[in-house]
$ cat my_file-v9.csv   # CSV, C-alpha atoms
chain,number,residue,atom,x,y,z
I,1,MET,CA,82.6,19.0,114.8
I,2,SER,CA,82.1,16.6,111.9
I,3,GLN,CA,82.8,17.5,108.3
I,4,LYS,CA,80.9,16.1,105.4
I,5,ILE,CA,83.1,14.5,102.8
I,6,LYS,CA,82.0,15.4,99.3
I,7,ASN,CA,81.8,12.7,96.6
I,8,PRO,CA,84.4,13.7,94.0
I,9,ASN,CA,82.2,12.4,91.3
I,10,GLU,CA,79.3,14.6,92.3
I,11,LYS,CA,79.0,17.7,90.0
I,12,SER,CA,78.1,20.9,91.7
I,13,SER,CA,75.3,23.1,90.4
I,14,GLY,CA,77.9,25.7,89.5
I,15,PHE,CA,79.6,23.2,87.2
I,16,VAL,CA,76.4,22.3,85.5
I,17,VAL,CA,75.5,26.0,84.9
I,18,GLY,CA,79.0,26.6,83.5
I,19,LEU,CA,78.7,23.7,81.2
I,20,ILE,CA,75.3,24.9,79.9
I,21,ALA,CA,76.7,28.3,79.3
I,22,LEU,CA,79.7,26.9,77.4
I,23,LEU,CA,77.5,24.8,75.2
I,24,ALA,CA,75.3,27.9,74.5
I,25,VAL,CA,78.4,29.9,73.4
I,26,VAL,CA,79.5,27.0,71.2
I,27,ALA,CA,76.1,26.9,69.6
I,28,VAL,CA,76.1,30.6,68.9
I,29,VAL,CA,79.6,30.4,67.4
I,30,ILE,CA,78.6,27.5,65.1
I,31,GLY,CA,75.4,29.3,64.1
I,32,GLY,CA,77.4,32.4,63.3
I,33,VAL,CA,79.9,30.6,61.2
I,34,ILE,CA,77.1,28.9,59.2
I,35,TYR,CA,75.3,32.3,58.7
I,36,ILE,CA,78.5,34.0,57.7
I,37,GLY,CA,79.3,31.2,55.3
I,38,ARG,CA,75.9,31.4,53.7
I,39,SER,CA,76.0,35.2,53.4
I,40,GLN,CA,79.3,35.2,51.5
I,41,PRO,CA,78.8,35.7,47.8
I,42,ILE,CA,79.3,32.6,45.6
I,43,GLU,CA,81.5,33.5,42.7
I,44,GLY,CA,80.6,32.8,39.1
I,45,LEU,CA,76.8,32.8,39.4
I,46,PRO,CA,75.0,34.0,36.2
I,47,ASP,CA,73.4,37.3,36.5
I,48,GLU,CA,71.6,38.1,33.2
I,49,ASP,CA,68.4,40.2,32.7
I,50,VAL,CA,65.7,38.8,30.4
I,51,ASP,CA,62.8,40.3,28.5
I,52,PHE,CA,60.6,37.3,28.2
I,53,SER,CA,58.2,35.4,30.4
I,54,VAL,CA,58.3,31.9,31.8
I,55,ALA,CA,55.3,29.6,32.5
I,56,LEU,CA,54.7,26.1,33.6
I,57,ASP,CA,52.1,24.4,31.4
I,58,GLY,CA,51.7,20.8,32.5
I,59,ASP,CA,54.9,19.0,31.3
I,60,VAL,CA,56.2,22.0,29.4
I,61,ILE,CA,58.2,25.0,30.6
I,62,ARG,CA,57.6,27.7,28.1
I,63,LEU,CA,59.8,30.8,27.5
I,64,SER,CA,58.2,33.5,25.3
I,65,LYS,CA,58.1,37.2,24.9
I,66,ASP,CA,54.7,38.7,25.6
I,67,GLY,CA,53.0,39.9,22.4
I,68,ALA,CA,55.5,38.3,20.0
I,69,GLU,CA,54.0,37.4,16.7
I,70,GLY,CA,55.5,35.1,14.1
I,71,ALA,CA,57.9,33.5,16.5
I,72,LYS,CA,59.3,30.1,15.8
I,73,THR,CA,58.4,27.5,18.4
I,74,ALA,CA,61.1,25.0,19.4
I,75,THR,CA,60.3,22.0,21.5
I,76,ILE,CA,63.4,21.0,23.4
I,77,PHE,CA,63.9,17.6,25.1
I,78,GLU,CA,66.8,17.6,27.6
I,79,ASP,CA,68.1,16.0,30.7
I,80,PHE,CA,70.0,18.0,33.3
I,81,SER,CA,72.6,15.2,33.5
I,82,CYS,CA,73.1,15.1,29.7
I,83,ARG,CA,76.5,16.5,28.7
I,84,TYR,CA,75.4,17.1,25.2
I,85,CYS,CA,72.5,19.1,26.5
I,86,ALA,CA,74.9,21.1,28.5
I,87,GLN,CA,77.1,21.6,25.4
I,88,MET,CA,74.1,22.8,23.4
I,89,SER,CA,72.9,25.1,26.1
I,90,GLU,CA,76.3,26.7,26.6
I,91,GLU,CA,77.2,27.0,22.9
I,92,GLY,CA,73.8,28.3,21.9
I,93,HIS,CA,73.3,30.4,25.0
I,94,ASP,CA,73.8,33.9,23.5
I,95,ASP,CA,71.7,33.2,20.4
I,96,GLU,CA,68.9,31.7,22.4
I,97,LEU,CA,68.8,34.7,24.8
I,98,LYS,CA,68.8,37.2,22.0
I,99,ALA,CA,66.1,35.3,20.1
I,100,LEU,CA,63.9,35.1,23.2
I,101,ASN,CA,64.4,38.7,24.1
I,102,ASP,CA,63.6,39.8,20.5
I,103,GLY,CA,60.4,37.7,20.4
I,104,LYS,CA,61.7,35.6,17.5
I,105,LEU,CA,61.8,32.3,19.4
I,106,VAL,CA,59.4,30.4,21.8
I,107,ALA,CA,61.3,27.7,23.7
I,108,GLU,CA,59.2,24.9,25.1
I,109,TYR,CA,61.3,22.7,27.4
I,110,ARG,CA,60.3,19.1,28.0
I,111,THR,CA,62.6,17.7,30.6
I,112,LEU,CA,63.5,14.1,31.1
I,113,ASN,CA,65.2,12.2,33.9
I,114,PHE,CA,66.2,8.9,32.3
I,115,LEU,CA,69.9,9.5,33.1
I,116,ASP,CA,69.1,9.0,36.8
I,117,GLY,CA,69.4,5.4,35.7
I,118,GLU,CA,66.9,3.6,37.9
I,119,GLU,CA,63.7,2.0,36.8
I,120,LYS,CA,61.4,4.4,35.1
I,121,GLU,CA,58.9,4.8,38.0
I,122,GLN,CA,61.7,4.9,40.6
I,123,ARG,CA,64.0,7.6,39.2
I,124,ASP,CA,64.8,10.2,41.8
I,125,GLY,CA,68.4,11.4,41.4
I,126,HIS,CA,70.1,14.6,40.3
I,127,SER,CA,68.1,15.1,37.1
I,128,THR,CA,64.8,14.6,38.9
I,129,ARG,CA,65.7,17.0,41.8
I,130,ILE,CA,66.8,19.8,39.4
I,131,TYR,CA,63.7,19.3,37.3
I,132,ALA,CA,61.5,19.6,40.4
I,133,THR,CA,63.3,22.8,41.3
I,134,VAL,CA,63.0,24.4,37.8
I,135,ARG,CA,59.3,23.5,37.8
I,136,LYS,CA,58.8,25.4,41.0
I,137,ILE,CA,60.7,28.4,39.7
I,138,ALA,CA,58.8,28.4,36.4
I,139,GLU,CA,55.5,28.2,38.4
I,140,THR,CA,56.3,31.5,40.1
I,141,GLY,CA,56.7,33.3,36.7
I,142,ASP,CA,60.2,34.6,37.6
I,143,ALA,CA,61.8,34.3,34.2
I,144,ARG,CA,65.1,35.9,35.3
I,145,ALA,CA,65.5,33.5,38.2
I,146,TYR,CA,64.6,30.6,35.9
I,147,TRP,CA,67.0,31.6,33.1
I,148,ASN,CA,70.0,32.1,35.4
I,149,PHE,CA,69.3,28.9,37.4
I,150,ARG,CA,69.1,26.8,34.3
I,151,THR,CA,72.2,28.5,32.9
I,152,MET,CA,74.1,27.7,36.1
I,153,MET,CA,73.0,24.0,36.2
I,154,MET,CA,74.1,23.4,32.6
I,155,ALA,CA,77.3,25.4,32.8
I,156,ASP,CA,78.3,23.7,36.1
I,157,GLN,CA,76.8,20.3,35.4
I,158,GLN,CA,79.8,18.2,36.4
I,159,ASN,CA,80.1,19.8,39.8
I,160,SER,CA,76.5,20.3,40.6
I,161,VAL,CA,75.7,16.6,40.8
I,162,THR,CA,77.7,16.6,44.1
I,163,TRP,CA,76.0,19.6,45.7
I,164,SER,CA,74.1,19.0,48.9
I,165,ASN,CA,70.7,20.4,49.5
I,166,ASP,CA,72.2,23.3,51.4
I,167,GLU,CA,74.7,24.0,48.7
I,168,LEU,CA,72.0,24.1,46.0
I,169,ALA,CA,69.7,26.2,48.3
I,170,ASP,CA,72.5,28.7,48.9
I,171,ARG,CA,72.9,29.3,45.2
I,172,LEU,CA,69.2,29.6,44.7
I,173,GLU,CA,69.1,32.2,47.4
I,174,GLN,CA,71.8,34.3,45.8
I,175,LEU,CA,70.1,34.0,42.4
I,176,GLY,CA,67.0,35.7,44.0
I,177,VAL,CA,64.7,32.6,43.9
I,178,ALA,CA,61.6,32.8,46.1
I,179,ASP,CA,62.3,32.1,49.8
I,180,GLU,CA,59.7,29.3,50.0
I,181,ILE,CA,61.5,27.4,47.1
I,182,VAL,CA,64.9,27.9,48.8
I,183,SER,CA,63.5,26.5,52.0
I,184,GLU,CA,61.9,23.5,50.2
I,185,VAL,CA,65.2,22.7,48.4
I,186,ARG,CA,67.1,23.0,51.7
I,187,SER,CA,64.9,20.5,53.4
I,188,GLY,CA,64.7,18.2,50.4
I,189,ILE,CA,62.3,19.1,47.6
I,190,ASP,CA,59.3,16.8,46.8
I,191,THR,CA,60.0,15.2,43.4
I,192,THR,CA,56.7,13.4,43.0
I,193,GLU,CA,55.3,15.8,40.3
I,194,ALA,CA,58.7,16.0,38.5
I,195,LYS,CA,58.9,12.2,38.2
I,196,ALA,CA,55.5,11.9,36.7
I,197,SER,CA,56.1,14.8,34.3
I,198,ALA,CA,59.5,13.5,33.2
I,199,ASN,CA,57.9,10.1,32.5
I,200,ALA,CA,55.3,11.8,30.4
I,201,ASN,CA,58.0,13.6,28.4
I,202,PHE,CA,59.8,10.3,28.0
I,203,ASP,CA,56.7,8.8,26.5
I,204,ASP,CA,56.2,11.8,24.3
I,205,LEU,CA,59.7,11.6,22.9
I,206,GLU,CA,59.5,7.8,22.4
I,207,LYS,CA,56.3,8.3,20.5
I,208,ARG,CA,58.0,10.9,18.2
I,209,LEU,CA,61.2,9.0,17.6
I,210,GLY,CA,60.7,5.4,18.6
I,211,LYS,CA,63.6,5.8,21.0
I,212,VAL,CA,64.8,8.1,23.8
I,213,SER,CA,68.0,10.1,23.9
I,214,THR,CA,68.9,13.8,24.4
I,215,PRO,CA,69.1,16.5,23.3
I,216,HIS,CA,66.4,16.8,20.6
I,217,VAL,CA,64.8,20.0,19.2
I,218,PHE,CA,61.6,19.9,17.2
I,219,VAL,CA,60.5,22.7,15.0
I,220,ASP,CA,57.4,22.3,12.8
I,221,GLY,CA,57.3,18.7,13.8
I,222,LYS,CA,60.8,18.0,12.6
I,223,ASP,CA,63.9,17.1,14.7
I,224,ILE,CA,66.3,19.8,13.6
I,225,LEU,CA,69.3,18.2,15.3
I,226,GLU,CA,69.4,15.3,12.9
I,227,ASN,CA,71.7,17.0,10.4
I,228,ILE,CA,72.9,19.9,12.5
I,229,SER,CA,76.6,18.8,12.6
I,230,GLY,CA,77.1,20.3,9.2
I,231,ASP,CA,75.9,23.7,10.5
I,232,GLY,CA,78.6,24.1,13.1
I,233,GLY,CA,77.5,21.8,15.9
I,234,LEU,CA,74.9,21.8,18.6
I,235,GLY,CA,75.5,25.5,19.4
I,236,GLN,CA,73.9,26.4,16.0
I,237,TRP,CA,70.5,25.0,17.0
I,238,VAL,CA,68.9,28.5,17.4
I,239,LYS,CA,70.1,29.7,14.0
I,240,VAL,CA,68.7,26.5,12.4
I,241,ALA,CA,65.4,26.8,14.3
I,242,LEU,CA,64.9,30.3,13.1
I,243,ARG,CA,65.4,29.6,9.4
$ encode --input "my_file-v9.csv" --output "structure tokens"
Amino acid sequence: MSQKIKNPNEKSSGFVVGLIALLAVVAVVIGGVIYIGRSQPIEGLPDEDVDFSVALDGDVIRLSKDGAEGAKTATIFEDFSCRYCAQMSEEGHDDELKALNDGKLVAEYRTLNFLDGEEKEQRDGHSTRIYATVRKIAETGDARAYWNFRTMMMADQQNSVTWSNDELADRLEQLGVADEIVSEVRSGIDTTEAKASANANFDDLEKRLGKVSTPHVFVDGKDILENISGDGGLGQWVKVALR
């Protein structure tokens, strides 16, 4: 009786089935690790309630309390990569939140992206990506999500520039930002509108001052930051604006 000699390099069907099963288990484990990682709370995220509205109006993101009368309107030019903007935001944070909640201040943010560094029409770095994100949040009218996200981006400016799309999306998710925005950021947010808007704000500021830098705050047509150092620094901008 003859006996067939099996090729040692030939893989049996049982081996293939076992390999597929192993790969499936590995995929499930990796997926579980990613899910668990994303579901873990991220420490230090801002969590403040607000009593004002947010609206996207062309190139302006406007924060205002409904029905407020006699409020001072401040037009703020900033760049999410500007360390002085971060300083002004952090040091004036409590005063700004109170003034907005009390209906004494209307904040109109005009965001730039010139610190992305490339040619004007080609800028598409950190500043542009974050501006694209805050525009999306403002468009939903979720003032709480907008305020806490902007607070986070200014407070953690130095670290946030290194965050991947997933890391940024995870934070958005835990801040309660709309699911569709979280998904868009995770896959790479479209910055086309943000670039055009930042360029328009660049031109607006250049027309006002003859140059471009940040931050600048205009109240009644006047840049109140020109002589603010004598009032205690950038953190005093709200107090100066309300005078």
$ residues_around --input "my_file-v9.csv" --residues "range 150-167 of chain I" --least-positions-apart "4" --cutoff "6 Å" --atoms "only C-alpha atoms" --output "list in words"
Ala86, His126 and Arg186 of chain I
$ closest_atom_pairs --input "my_file-v9.csv" --of "range 126-208 of chain I" --to "range 104-113 of chain I" --cutoff "8 Å" --atoms "all atoms listed in the file" --output "tab-separated table"
residue	atom	partner	partner_atom	distance
I:Ser127	CA	I:Asn113	CA	5.2
I:Thr128	CA	I:Asn113	CA	5.6
I:Tyr131	CA	I:Thr111	CA	7.0
I:Lys195	CA	I:Asn113	CA	7.6
I:Ala198	CA	I:Leu112	CA	4.6
I:Asn199	CA	I:Leu112	CA	7.0
I:Asn201	CA	I:Arg110	CA	6.0
I:Phe202	CA	I:Leu112	CA	6.1
$ closest_residue --input "my_file-v9.csv" --among "I:Gln236, I:Asn148, I:Ser197, I:Thr140" --to "Phe114 in chain I" --atoms "only C-alpha atoms"
I:Ser197
$ atom_distance --input "my_file-v9.csv" --atom1 "CA of Leu97 in chain I" --atom2 "CA of Val50 in chain I"
7.6 Å
$ closest_residue --input "my_file-v9.csv" --among "I:Thr133, I:Gln122, I:Ser64, I:Gln87" --to "Gly103 in chain I" --atoms "all atoms listed in the file"
I:Ser64
$ atom_distance --input "my_file-v9.csv" --atom1 "CA of Val238 in chain I" --atom2 "CA of Thr73 in chain I"
10.6 Å
$ atom_distance --input "my_file-v9.csv" --atom1 "CA of Arg144 in chain I" --atom2 "CA of Glu48 in chain I"
7.2 Å
$ residues_around --input "my_file-v9.csv" --residues "Asp220 in chain I" --least-positions-apart "2" --cutoff "10 Å" --atoms "all atoms listed in the file" --output "list in words"
Lys72, Thr73, Ala74, Thr75, Phe218, Lys222, Asp223, Ile224 and Ala241 of chain I
$ closest_residue --input "my_file-v9.csv" --among "I:Leu45, I:Leu63, I:Ala55, I:Val212" --to "Gly176 in chain I" --atoms "all atoms listed in the file"
I:Leu45
